[in-house]
Amino acid sequence: MAQQFEDSFRRKFNYLRLSVTDVCNFKCTYCLPDGYYPTGSKNSSFLTLPEIERIVTTFAACGTSKVRITGGEPTLRKDFLDIVSTVASVPEIKKVATTTNGYRMAANVHDWKAAGLTNINVSIDSLDPRMFKQITGQNRFHQVMQGIDEAFIAGYEQVKVNVVLLKDLNHHALPDFLNWIKDRSIQLRFIELMQTGEMDSLFDNHHVSGVQIQNSLIANGWSMKPRQLTDGPAKVFTHPDYLGEVGLIMPYERHFCQTCNRLRVSALGKLHLCLFGEEGVELRDLLQSDSQQEALIARIGEHLQGKSVSHYLHDGNTGMTPHLASIGG
Ligand code: SAM
Ligand code: SF4
């Protein structure tokens with residue numbers, strides 16, 4: 001290994017979240033309420049396959065073993081299968097995950113599996129089709145649910161389902177969600193709504209802490225699982241009567257950033273040290289030939305020393321991130 005990516009707080013980075021497109025076909029109220037619009041300059045294009053390969057090979061050489069392909073909606077890329085197989089072919093990468101809105105899952109999940117995708121997170125904010133449409137702007141609830149069934153048929157042992165917690169829209173639905181995972185190997189991941197730059201009153205109206213859910217789980221016999229090295233920041237709870245698990249992602253909790261193990265590269269090739277707070281470090285000029293790897297490692301390593309100890313979200317910081325689709329949530 002060249003050198004393990006590490007910051008000045010001795011946090012080691014073994015998890016890369018790689019955005020491959022900003023484009024999305026959904027209009028989630030907390031992300032792209034008015035739908036997709038381009039954020040880069042007129043001539044900017046998303047990372048190409050050779051650029052993706054160089055990024056992943058370089059991160060792998062410095063300790064990365066897990067890559068999440070995200071966006072926007074990553075599966076809208078015509079070469080999504082090639083992206084998956086390119087990432088999967090890097091020997092050090094043991095987990096190749098994606099986060100998707102599930103739009104293409106029913107039709108394509110068998111191909112994803114064959115290409116080497118090891119883990120899937122799909123976003124489902126409500127089990128009520130009408131509420132699902134209200135939140136996402138898309139009448140695709142049944143299609144997405146069918147995608148989950150198909151993923152199990154394709155051989156995935158577990159599917160993770162992301163639910164953004166929204167006061168009055170879904171935060172009362174815990175019993176329905178728990179009932180749904182009783183006999184299904186699904187890890188539900190409740191994510192607290194994060195305030196981004198373009199969010200108006202939605203945050204004030206709908207932010208709700210995950211603590212309520214945590215208390216309710218503990219009161220009902222759920223217990224917390226120990227954390228694995230490449231795990232994300234979720235606290236995961238299990239219950240002997242449930243096949244499914246529940247994860248809680250609470251970015252507003254103190255010490256949330258202490259276990260940070262991830263770095264992000266945007267679809268336009270910028271390194272982001274955090275979801276929030278900075279405009280990103282240009283990497284693209286160093287992605288044009290394999291011979292640039294050493295310089296690329298040096299640039300990333302140098303900027304890592306400037307990674308902040310915390311995102312300071314609890315102080316009202318929304319940083320430069322207009323919405324999570326722009327740098328890959
Ligand atoms: N389009 C894919 C999807 O929705 O799963 C991948 C990209 S999306 C930006 C990644 C995750 O971020 C989704 O689970 C989404 O629900 C979550 N997300 C987006 N905006 C958010 C916000 N403001 N607060 C919390 N989670 C958010
Ligand atoms: Fe699209 Fe995902 Fe953002 Fe929803 S959360 S608008 S599906 S990028």
# chains A, B, ... in the order shown; residues from 1 in each chain; ligands from 1
>>> residues_around(residues="His142 (chain A)", least_positions_apart="3", cutoff="8 Å", atoms="only C-alpha atoms", output="list in words")
Pro129, Met145 and Gln146 of chain A
>>> residues_around(residues="Ser289 (chain A)", least_positions_apart="3", cutoff="10 Å", atoms="only C-alpha atoms", output="VMD selection string")
chain A and resid 50 to 51 54 285 to 286 292 to 293
>>> residues_near_ligand(ligand="ligand 1", cutoff="7 Å", atoms="only C-alpha atoms and all ligand atoms", output="list in words")
Cys24, Tyr30, Cys31, Thr70, Gly71, Gly72, Glu73, Pro74, Thr99, Thr100, Asn101, Asn121, Val122, Ser123, Asn162, Val163, Val164, Ile191, Glu192, Leu193, Met194, Gln195, Thr196, His323, Leu324, Ala325, Gly328 and Gly329 of chain A
>>> write_last_selection(atoms="N, CA, C and O atoms", output="tab-separated table (two decimals), in the first residue's frame")
chain	number	residue	atom	x	y	z
A	24	CYS	N	-30.94	13.40	-11.92
A	24	CYS	CA	-31.91	12.52	-11.27
A	24	CYS	C	-33.27	12.70	-11.91
A	24	CYS	O	-33.62	13.78	-12.38
A	30	TYR	N	-36.75	17.11	-0.30
A	30	TYR	CA	-35.61	17.55	0.50
A	30	TYR	C	-34.32	17.61	-0.32
A	30	TYR	O	-33.26	17.90	0.21
A	31	CYS	N	-34.41	17.27	-1.61
A	31	CYS	CA	-33.18	17.18	-2.40
A	31	CYS	C	-33.30	18.01	-3.68
A	31	CYS	O	-32.61	19.02	-3.83
A	70	THR	N	-22.73	6.57	-6.33
A	70	THR	CA	-23.93	7.32	-5.98
A	70	THR	C	-24.14	8.46	-6.97
A	70	THR	O	-23.54	8.52	-8.03
A	71	GLY	N	-25.03	9.38	-6.61
A	71	GLY	CA	-25.33	10.49	-7.51
A	71	GLY	C	-26.10	11.57	-6.75
A	71	GLY	O	-25.97	11.66	-5.54
A	72	GLY	N	-26.92	12.28	-7.44
A	72	GLY	CA	-27.88	12.01	-8.49
A	72	GLY	C	-28.35	10.55	-8.50
A	72	GLY	O	-28.24	9.87	-7.50
A	73	GLU	N	-28.89	10.14	-9.61
A	73	GLU	CA	-29.32	8.74	-9.70
A	73	GLU	C	-28.30	7.98	-10.55
A	73	GLU	O	-28.31	8.10	-11.78
A	74	PRO	N	-27.44	7.21	-9.90
A	74	PRO	CA	-26.32	6.58	-10.63
A	74	PRO	C	-26.77	5.64	-11.73
A	74	PRO	O	-26.09	5.51	-12.75
A	99	THR	N	-26.17	3.51	-4.09
A	99	THR	CA	-27.40	4.06	-3.50
A	99	THR	C	-28.26	4.51	-4.66
A	99	THR	O	-27.81	5.29	-5.51
A	100	THR	N	-29.48	4.01	-4.69
A	100	THR	CA	-30.35	4.25	-5.84
A	100	THR	C	-31.76	4.60	-5.39
A	100	THR	O	-32.18	4.21	-4.30
A	101	ASN	N	-32.49	5.28	-6.27
A	101	ASN	CA	-33.91	5.50	-5.97
A	101	ASN	C	-34.74	4.28	-6.37
A	101	ASN	O	-35.95	4.27	-6.17
A	121	ASN	N	-28.29	0.02	-1.50
A	121	ASN	CA	-29.16	0.86	-0.66
A	121	ASN	C	-30.21	1.46	-1.57
A	121	ASN	O	-29.85	2.06	-2.60
A	122	VAL	N	-31.46	1.30	-1.22
A	122	VAL	CA	-32.51	1.91	-2.03
A	122	VAL	C	-33.32	2.84	-1.13
A	122	VAL	O	-33.56	2.54	0.04
A	123	SER	N	-33.71	3.99	-1.68
A	123	SER	CA	-34.40	4.99	-0.86
A	123	SER	C	-35.91	4.79	-0.97
A	123	SER	O	-36.46	4.80	-2.07
A	162	ASN	N	-33.00	3.23	2.68
A	162	ASN	CA	-32.83	4.54	3.30
A	162	ASN	C	-34.17	5.25	3.44
A	162	ASN	O	-34.91	5.35	2.46
A	163	VAL	N	-34.44	5.74	4.63
A	163	VAL	CA	-35.67	6.50	4.87
A	163	VAL	C	-35.25	7.84	5.49
A	163	VAL	O	-34.67	7.86	6.57
A	164	VAL	N	-35.52	8.94	4.81
A	164	VAL	CA	-35.23	10.24	5.42
A	164	VAL	C	-36.39	10.55	6.36
A	164	VAL	O	-37.55	10.57	5.95
A	191	ILE	N	-32.56	8.23	8.31
A	191	ILE	CA	-31.57	9.31	8.21
A	191	ILE	C	-32.24	10.62	8.63
A	191	ILE	O	-33.29	10.97	8.08
A	192	GLU	N	-31.63	11.30	9.58
A	192	GLU	CA	-32.18	12.62	9.93
A	192	GLU	C	-32.03	13.56	8.75
A	192	GLU	O	-30.98	13.57	8.09
A	193	LEU	N	-33.05	14.35	8.53
A	193	LEU	CA	-33.00	15.36	7.47
A	193	LEU	C	-31.84	16.31	7.73
A	193	LEU	O	-31.67	16.80	8.84
A	194	MET	N	-31.01	16.55	6.70
A	194	MET	CA	-29.89	17.48	6.85
A	194	MET	C	-30.22	18.76	6.09
A	194	MET	O	-30.76	18.71	4.99
A	195	GLN	N	-29.83	19.87	6.70
A	195	GLN	CA	-30.12	21.15	6.06
A	195	GLN	C	-29.06	21.45	5.00
A	195	GLN	O	-27.87	21.44	5.30
A	196	THR	N	-29.50	21.68	3.79
A	196	THR	CA	-28.56	22.03	2.72
A	196	THR	C	-28.82	23.47	2.28
A	196	THR	O	-29.84	24.07	2.67
A	323	HIS	N	-27.54	20.91	-2.47
A	323	HIS	CA	-28.40	19.76	-2.18
A	323	HIS	C	-27.51	18.53	-2.30
A	323	HIS	O	-26.44	18.59	-2.91
A	324	LEU	N	-27.95	17.39	-1.74
A	324	LEU	CA	-27.05	16.24	-1.70
A	324	LEU	C	-26.82	15.60	-3.07
A	324	LEU	O	-25.82	14.93	-3.26
A	325	ALA	N	-27.74	15.82	-4.02
A	325	ALA	CA	-27.53	15.25	-5.35
A	325	ALA	C	-26.29	15.86	-6.01
A	325	ALA	O	-25.70	15.27	-6.91
A	328	GLY	N	-23.33	13.82	-4.21
A	328	GLY	CA	-23.52	12.40	-3.91
A	328	GLY	C	-23.78	12.20	-2.45
A	328	GLY	O	-22.87	12.20	-1.64
A	329	GLY	N	-25.06	12.06	-2.08
A	329	GLY	CA	-25.45	11.94	-0.67
A	329	GLY	C	-24.95	10.68	-0.05
A	329	GLY	O	-24.39	9.83	-0.68
>>> select_by_dssp(residues="region 112-301 of chain A", states="strand (DSSP E or B)", output="PDB file with N, CA, C and O atoms, in the first residue's frame")
ATOM      1  N   ASN A 119     -23.513  -4.621  -2.740  1.00  0.00           N
ATOM      2  CA  ASN A 119     -24.449  -4.070  -1.746  1.00  0.00           C
ATOM      3  C   ASN A 119     -25.353  -3.017  -2.377  1.00  0.00           C
ATOM      4  O   ASN A 119     -24.876  -2.192  -3.155  1.00  0.00           O
ATOM      5  N   ILE A 120     -26.616  -3.030  -1.971  1.00  0.00           N
ATOM      6  CA  ILE A 120     -27.571  -2.048  -2.518  1.00  0.00           C
ATOM      7  C   ILE A 120     -28.254  -1.295  -1.384  1.00  0.00           C
ATOM      8  O   ILE A 120     -28.749  -1.911  -0.428  1.00  0.00           O
ATOM      9  N   ASN A 121     -28.294   0.024  -1.505  1.00  0.00           N
ATOM     10  CA  ASN A 121     -29.163   0.858  -0.657  1.00  0.00           C
ATOM     11  C   ASN A 121     -30.209   1.459  -1.569  1.00  0.00           C
ATOM     12  O   ASN A 121     -29.849   2.056  -2.596  1.00  0.00           O
ATOM     13  N   VAL A 122     -31.456   1.303  -1.217  1.00  0.00           N
ATOM     14  CA  VAL A 122     -32.513   1.909  -2.025  1.00  0.00           C
ATOM     15  C   VAL A 122     -33.316   2.844  -1.127  1.00  0.00           C
ATOM     16  O   VAL A 122     -33.558   2.541   0.042  1.00  0.00           O
ATOM     17  N   SER A 123     -33.707   3.989  -1.678  1.00  0.00           N
ATOM     18  CA  SER A 123     -34.397   4.988  -0.864  1.00  0.00           C
ATOM     19  C   SER A 123     -35.908   4.794  -0.966  1.00  0.00           C
ATOM     20  O   SER A 123     -36.461   4.800  -2.065  1.00  0.00           O
ATOM     21  N   VAL A 159     -30.868  -6.187   1.763  1.00  0.00           N
ATOM     22  CA  VAL A 159     -30.985  -4.908   1.048  1.00  0.00           C
ATOM     23  C   VAL A 159     -31.133  -3.834   2.111  1.00  0.00           C
ATOM     24  O   VAL A 159     -31.846  -4.029   3.101  1.00  0.00           O
ATOM     25  N   LYS A 160     -30.436  -2.711   1.913  1.00  0.00           N
ATOM     26  CA  LYS A 160     -30.602  -1.604   2.853  1.00  0.00           C
ATOM     27  C   LYS A 160     -31.585  -0.602   2.261  1.00  0.00           C
ATOM     28  O   LYS A 160     -31.547  -0.324   1.053  1.00  0.00           O
ATOM     29  N   VAL A 161     -32.460  -0.102   3.107  1.00  0.00           N
ATOM     30  CA  VAL A 161     -33.475   0.847   2.650  1.00  0.00           C
ATOM     31  C   VAL A 161     -33.293   2.160   3.409  1.00  0.00           C
ATOM     32  O   VAL A 161     -33.376   2.186   4.641  1.00  0.00           O
ATOM     33  N   ASN A 162     -33.003   3.230   2.683  1.00  0.00           N
ATOM     34  CA  ASN A 162     -32.826   4.544   3.305  1.00  0.00           C
ATOM     35  C   ASN A 162     -34.173   5.249   3.439  1.00  0.00           C
ATOM     36  O   ASN A 162     -34.913   5.354   2.464  1.00  0.00           O
ATOM     37  N   VAL A 163     -34.443   5.742   4.629  1.00  0.00           N
ATOM     38  CA  VAL A 163     -35.668   6.504   4.870  1.00  0.00           C
ATOM     39  C   VAL A 163     -35.253   7.840   5.485  1.00  0.00           C
ATOM     40  O   VAL A 163     -34.668   7.858   6.572  1.00  0.00           O
ATOM     41  N   VAL A 164     -35.521   8.938   4.811  1.00  0.00           N
ATOM     42  CA  VAL A 164     -35.232  10.235   5.417  1.00  0.00           C
ATOM     43  C   VAL A 164     -36.390  10.555   6.362  1.00  0.00           C
ATOM     44  O   VAL A 164     -37.552  10.565   5.954  1.00  0.00           O
ATOM     45  N   LEU A 165     -36.034  10.769   7.626  1.00  0.00           N
ATOM     46  CA  LEU A 165     -37.068  11.025   8.646  1.00  0.00           C
ATOM     47  C   LEU A 165     -37.681  12.401   8.436  1.00  0.00           C
ATOM     48  O   LEU A 165     -36.959  13.405   8.435  1.00  0.00           O
ATOM     49  N   ILE A 186     -34.007  -6.920   5.570  1.00  0.00           N
ATOM     50  CA  ILE A 186     -33.816  -5.531   5.143  1.00  0.00           C
ATOM     51  C   ILE A 186     -33.226  -4.752   6.305  1.00  0.00           C
ATOM     52  O   ILE A 186     -33.653  -4.933   7.442  1.00  0.00           O
ATOM     53  N   GLN A 187     -32.213  -3.943   6.018  1.00  0.00           N
ATOM     54  CA  GLN A 187     -31.767  -3.015   7.062  1.00  0.00           C
ATOM     55  C   GLN A 187     -32.353  -1.640   6.742  1.00  0.00           C
ATOM     56  O   GLN A 187     -31.985  -1.002   5.760  1.00  0.00           O
ATOM     57  N   LEU A 188     -33.304  -1.225   7.575  1.00  0.00           N
ATOM     58  CA  LEU A 188     -33.910   0.105   7.416  1.00  0.00           C
ATOM     59  C   LEU A 188     -32.946   1.115   7.975  1.00  0.00           C
ATOM     60  O   LEU A 188     -32.430   0.932   9.069  1.00  0.00           O
ATOM     61  N   ARG A 189     -32.728   2.192   7.270  1.00  0.00           N
ATOM     62  CA  ARG A 189     -31.793   3.201   7.773  1.00  0.00           C
ATOM     63  C   ARG A 189     -32.509   4.543   7.837  1.00  0.00           C
ATOM     64  O   ARG A 189     -32.764   5.164   6.799  1.00  0.00           O
ATOM     65  N   PHE A 190     -32.853   4.918   9.029  1.00  0.00           N
ATOM     66  CA  PHE A 190     -33.518   6.207   9.205  1.00  0.00           C
ATOM     67  C   PHE A 190     -32.452   7.296   9.241  1.00  0.00           C
ATOM     68  O   PHE A 190     -31.558   7.272  10.090  1.00  0.00           O
ATOM     69  N   ILE A 191     -32.559   8.235   8.313  1.00  0.00           N
ATOM     70  CA  ILE A 191     -31.567   9.313   8.213  1.00  0.00           C
ATOM     71  C   ILE A 191     -32.240  10.615   8.634  1.00  0.00           C
ATOM     72  O   ILE A 191     -33.293  10.970   8.083  1.00  0.00           O
ATOM     73  N   GLU A 192     -31.626  11.300   9.576  1.00  0.00           N
ATOM     74  CA  GLU A 192     -32.175  12.616   9.931  1.00  0.00           C
ATOM     75  C   GLU A 192     -32.028  13.561   8.748  1.00  0.00           C
ATOM     76  O   GLU A 192     -30.985  13.568   8.085  1.00  0.00           O
ATOM     77  N   SER A 223     -31.489  -4.059  20.408  1.00  0.00           N
ATOM     78  CA  SER A 223     -30.192  -3.704  20.992  1.00  0.00           C
ATOM     79  C   SER A 223     -29.173  -3.374  19.899  1.00  0.00           C
ATOM     80  O   SER A 223     -29.269  -3.859  18.763  1.00  0.00           O
ATOM     81  N   MET A 224     -28.181  -2.566  20.306  1.00  0.00           N
ATOM     82  CA  MET A 224     -27.240  -2.034  19.316  1.00  0.00           C
ATOM     83  C   MET A 224     -26.126  -3.026  18.996  1.00  0.00           C
ATOM     84  O   MET A 224     -25.571  -3.650  19.883  1.00  0.00           O
ATOM     85  N   LYS A 235     -25.937   3.758  13.595  1.00  0.00           N
ATOM     86  CA  LYS A 235     -26.023   2.865  14.760  1.00  0.00           C
ATOM     87  C   LYS A 235     -27.029   1.803  14.354  1.00  0.00           C
ATOM     88  O   LYS A 235     -28.162   2.139  13.980  1.00  0.00           O
ATOM     89  N   VAL A 236     -26.627   0.530  14.432  1.00  0.00           N
ATOM     90  CA  VAL A 236     -27.528  -0.522  13.943  1.00  0.00           C
ATOM     91  C   VAL A 236     -28.114  -1.310  15.108  1.00  0.00           C
ATOM     92  O   VAL A 236     -27.394  -1.722  16.021  1.00  0.00           O
ATOM     93  N   PHE A 237     -29.428  -1.521  15.052  1.00  0.00           N
ATOM     94  CA  PHE A 237     -30.144  -2.233  16.117  1.00  0.00           C
ATOM     95  C   PHE A 237     -30.740  -3.526  15.567  1.00  0.00           C
ATOM     96  O   PHE A 237     -31.208  -3.571  14.427  1.00  0.00           O
ATOM     97  N   THR A 238     -30.717  -4.562  16.424  1.00  0.00           N
ATOM     98  CA  THR A 238     -31.320  -5.842  16.036  1.00  0.00           C
ATOM     99  C   THR A 238     -32.292  -6.295  17.122  1.00  0.00           C
ATOM    100  O   THR A 238     -32.240  -5.804  18.261  1.00  0.00           O
ATOM    101  N   GLU A 245     -33.126  -5.350  10.279  1.00  0.00           N
ATOM    102  CA  GLU A 245     -32.391  -4.538  11.259  1.00  0.00           C
ATOM    103  C   GLU A 245     -32.793  -3.072  11.073  1.00  0.00           C
ATOM    104  O   GLU A 245     -33.351  -2.713  10.036  1.00  0.00           O
ATOM    105  N   VAL A 246     -32.463  -2.265  12.068  1.00  0.00           N
ATOM    106  CA  VAL A 246     -32.746  -0.832  11.939  1.00  0.00           C
ATOM    107  C   VAL A 246     -31.461  -0.044  12.173  1.00  0.00           C
ATOM    108  O   VAL A 246     -30.774  -0.252  13.177  1.00  0.00           O
ATOM    109  N   GLY A 247     -31.132   0.837  11.246  1.00  0.00           N
ATOM    110  CA  GLY A 247     -29.969   1.720  11.408  1.00  0.00           C
ATOM    111  C   GLY A 247     -30.450   3.147  11.628  1.00  0.00           C
ATOM    112  O   GLY A 247     -31.455   3.561  11.057  1.00  0.00           O
ATOM    113  N   LEU A 248     -29.723   3.862  12.458  1.00  0.00           N
ATOM    114  CA  LEU A 248     -30.067   5.275  12.688  1.00  0.00           C
ATOM    115  C   LEU A 248     -28.871   6.127  12.307  1.00  0.00           C
ATOM    116  O   LEU A 248     -27.753   5.877  12.767  1.00  0.00           O
ATOM    117  N   ILE A 249     -29.111   7.117  11.470  1.00  0.00           N
ATOM    118  CA  ILE A 249     -28.035   8.026  11.073  1.00  0.00           C
ATOM    119  C   ILE A 249     -28.424   9.407  11.576  1.00  0.00           C
ATOM    120  O   ILE A 249     -29.388  10.002  11.089  1.00  0.00           O
ATOM    121  N   ARG A 262     -14.942   8.180   5.549  1.00  0.00           N
ATOM    122  CA  ARG A 262     -15.250   8.285   4.134  1.00  0.00           C
ATOM    123  C   ARG A 262     -14.761   9.580   3.494  1.00  0.00           C
ATOM    124  O   ARG A 262     -14.692  10.612   4.147  1.00  0.00           O
ATOM    125  N   LEU A 263     -14.453   9.459   2.207  1.00  0.00           N
ATOM    126  CA  LEU A 263     -14.155  10.639   1.397  1.00  0.00           C
ATOM    127  C   LEU A 263     -15.088  10.579   0.189  1.00  0.00           C
ATOM    128  O   LEU A 263     -15.602   9.513  -0.148  1.00  0.00           O
ATOM    129  N   ARG A 264     -15.290  11.742  -0.421  1.00  0.00           N
ATOM    130  CA  ARG A 264     -16.225  11.798  -1.546  1.00  0.00           C
ATOM    131  C   ARG A 264     -15.544  12.387  -2.761  1.00  0.00           C
ATOM    132  O   ARG A 264     -14.758  13.318  -2.638  1.00  0.00           O
ATOM    133  N   VAL A 265     -15.909  11.835  -3.917  1.00  0.00           N
ATOM    134  CA  VAL A 265     -15.510  12.473  -5.166  1.00  0.00           C
ATOM    135  C   VAL A 265     -16.789  12.756  -5.944  1.00  0.00           C
ATOM    136  O   VAL A 265     -17.645  11.875  -6.094  1.00  0.00           O
ATOM    137  N   LYS A 270     -14.315  16.380  -8.262  1.00  0.00           N
ATOM    138  CA  LYS A 270     -13.745  17.123  -7.136  1.00  0.00           C
ATOM    139  C   LYS A 270     -13.770  16.267  -5.880  1.00  0.00           C
ATOM    140  O   LYS A 270     -14.772  15.588  -5.607  1.00  0.00           O
ATOM    141  N   LEU A 271     -12.693  16.371  -5.122  1.00  0.00           N
ATOM    142  CA  LEU A 271     -12.626  15.673  -3.844  1.00  0.00           C
ATOM    143  C   LEU A 271     -13.352  16.510  -2.794  1.00  0.00           C
ATOM    144  O   LEU A 271     -13.079  17.703  -2.652  1.00  0.00           O
ATOM    145  N   HIS A 272     -14.267  15.882  -2.073  1.00  0.00           N
ATOM    146  CA  HIS A 272     -14.943  16.567  -0.966  1.00  0.00           C
ATOM    147  C   HIS A 272     -14.591  15.842   0.325  1.00  0.00           C
ATOM    148  O   HIS A 272     -14.797  14.636   0.441  1.00  0.00           O
ATOM    149  N   VAL A 281     -11.888  19.947  -3.982  1.00  0.00           N
ATOM    150  CA  VAL A 281     -10.530  20.083  -4.521  1.00  0.00           C
ATOM    151  C   VAL A 281     -10.506  19.433  -5.901  1.00  0.00           C
ATOM    152  O   VAL A 281     -10.889  18.264  -6.046  1.00  0.00           O
ATOM    153  N   GLU A 282     -10.062  20.152  -6.894  1.00  0.00           N
ATOM    154  CA  GLU A 282     -10.035  19.638  -8.268  1.00  0.00           C
ATOM    155  C   GLU A 282      -9.092  18.434  -8.379  1.00  0.00           C
ATOM    156  O   GLU A 282      -7.946  18.513  -7.940  1.00  0.00           O
TER     157      GLU A 282
END
>>> select_by_dssp(residues="region 58-249 of chain A", states="alpha helix (DSSP H)", output="JSON, numbers by chain")
{"A": [58, 59, 60, 61, 80, 81, 82, 83, 84, 85, 86, 87, 88, 105, 106, 107, 108, 109, 110, 111, 112, 113, 114, 115, 129, 130, 131, 132, 133, 134, 135, 136, 141, 142, 143, 144, 145, 146, 147, 148, 149, 150, 151, 152, 153, 154, 174, 175, 176, 177, 178, 179, 180, 181, 202, 203, 204, 205, 206, 211, 212, 213, 214, 215, 216, 217, 218, 219]}
>>> closest_residue(among="A:Pro322, A:Gly244, A:Pro91, A:Gly280", to="ligand 2", atoms="only C-alpha atoms and all ligand atoms")
A:Pro322
>>> closest_residue(among="A:Ala61, A:Val90, A:Met250, A:Ile181", to="Ile213 (chain A)", atoms="only C-alpha atoms")
A:Met250
>>> closest_residue(among="A:Thr21, A:Thr58, A:Ser8, A:Thr86", to="ligand 2", atoms="only C-alpha atoms and all ligand atoms")
A:Thr21
>>> decode(residues="region 154-191 of chain A", atoms="C-alpha atoms", output="PDB file, in the first residue's frame")
ATOM      1  CA  ALA A 154     -30.954 -12.153  -7.772  1.00  0.00           C
ATOM      2  CA  GLY A 155     -29.129 -13.389  -4.672  1.00  0.00           C
ATOM      3  CA  TYR A 156     -28.625 -10.355  -2.422  1.00  0.00           C
ATOM      4  CA  GLU A 157     -28.819 -11.568   1.169  1.00  0.00           C
ATOM      5  CA  GLN A 158     -29.725  -8.158   2.539  1.00  0.00           C
ATOM      6  CA  VAL A 159     -30.985  -4.908   1.048  1.00  0.00           C
ATOM      7  CA  LYS A 160     -30.602  -1.604   2.853  1.00  0.00           C
ATOM      8  CA  VAL A 161     -33.475   0.847   2.650  1.00  0.00           C
ATOM      9  CA  ASN A 162     -32.826   4.544   3.305  1.00  0.00           C
ATOM     10  CA  VAL A 163     -35.668   6.504   4.870  1.00  0.00           C
ATOM     11  CA  VAL A 164     -35.232  10.235   5.417  1.00  0.00           C
ATOM     12  CA  LEU A 165     -37.068  11.025   8.646  1.00  0.00           C
ATOM     13  CA  LEU A 166     -39.658  13.721   8.018  1.00  0.00           C
ATOM     14  CA  LYS A 167     -41.829  15.122  10.761  1.00  0.00           C
ATOM     15  CA  ASP A 168     -45.551  14.695   9.982  1.00  0.00           C
ATOM     16  CA  LEU A 169     -44.835  12.840   6.740  1.00  0.00           C
ATOM     17  CA  ASN A 170     -43.285   9.563   7.899  1.00  0.00           C
ATOM     18  CA  HIS A 171     -41.984   9.824  11.466  1.00  0.00           C
ATOM     19  CA  HIS A 172     -45.109   8.147  12.880  1.00  0.00           C
ATOM     20  CA  ALA A 173     -44.720   5.192  10.535  1.00  0.00           C
ATOM     21  CA  LEU A 174     -42.146   3.244  12.600  1.00  0.00           C
ATOM     22  CA  PRO A 175     -44.617   0.414  13.443  1.00  0.00           C
ATOM     23  CA  ASP A 176     -45.451  -0.072   9.739  1.00  0.00           C
ATOM     24  CA  PHE A 177     -41.785  -0.103   8.794  1.00  0.00           C
ATOM     25  CA  LEU A 178     -40.957  -2.577  11.591  1.00  0.00           C
ATOM     26  CA  ASN A 179     -43.809  -4.821  10.552  1.00  0.00           C
ATOM     27  CA  TRP A 180     -42.471  -4.776   7.002  1.00  0.00           C
ATOM     28  CA  ILE A 181     -38.992  -5.998   8.048  1.00  0.00           C
ATOM     29  CA  LYS A 182     -40.172  -8.653  10.502  1.00  0.00           C
ATOM     30  CA  ASP A 183     -39.657 -11.430   7.955  1.00  0.00           C
ATOM     31  CA  ARG A 184     -37.480  -9.613   5.436  1.00  0.00           C
ATOM     32  CA  SER A 185     -33.716  -9.292   5.491  1.00  0.00           C
ATOM     33  CA  ILE A 186     -33.816  -5.531   5.143  1.00  0.00           C
ATOM     34  CA  GLN A 187     -31.767  -3.015   7.062  1.00  0.00           C
ATOM     35  CA  LEU A 188     -33.910   0.105   7.416  1.00  0.00           C
ATOM     36  CA  ARG A 189     -31.793   3.201   7.773  1.00  0.00           C
ATOM     37  CA  PHE A 190     -33.518   6.207   9.205  1.00  0.00           C
ATOM     38  CA  ILE A 191     -31.567   9.313   8.213  1.00  0.00           C
TER      39      ILE A 191
END
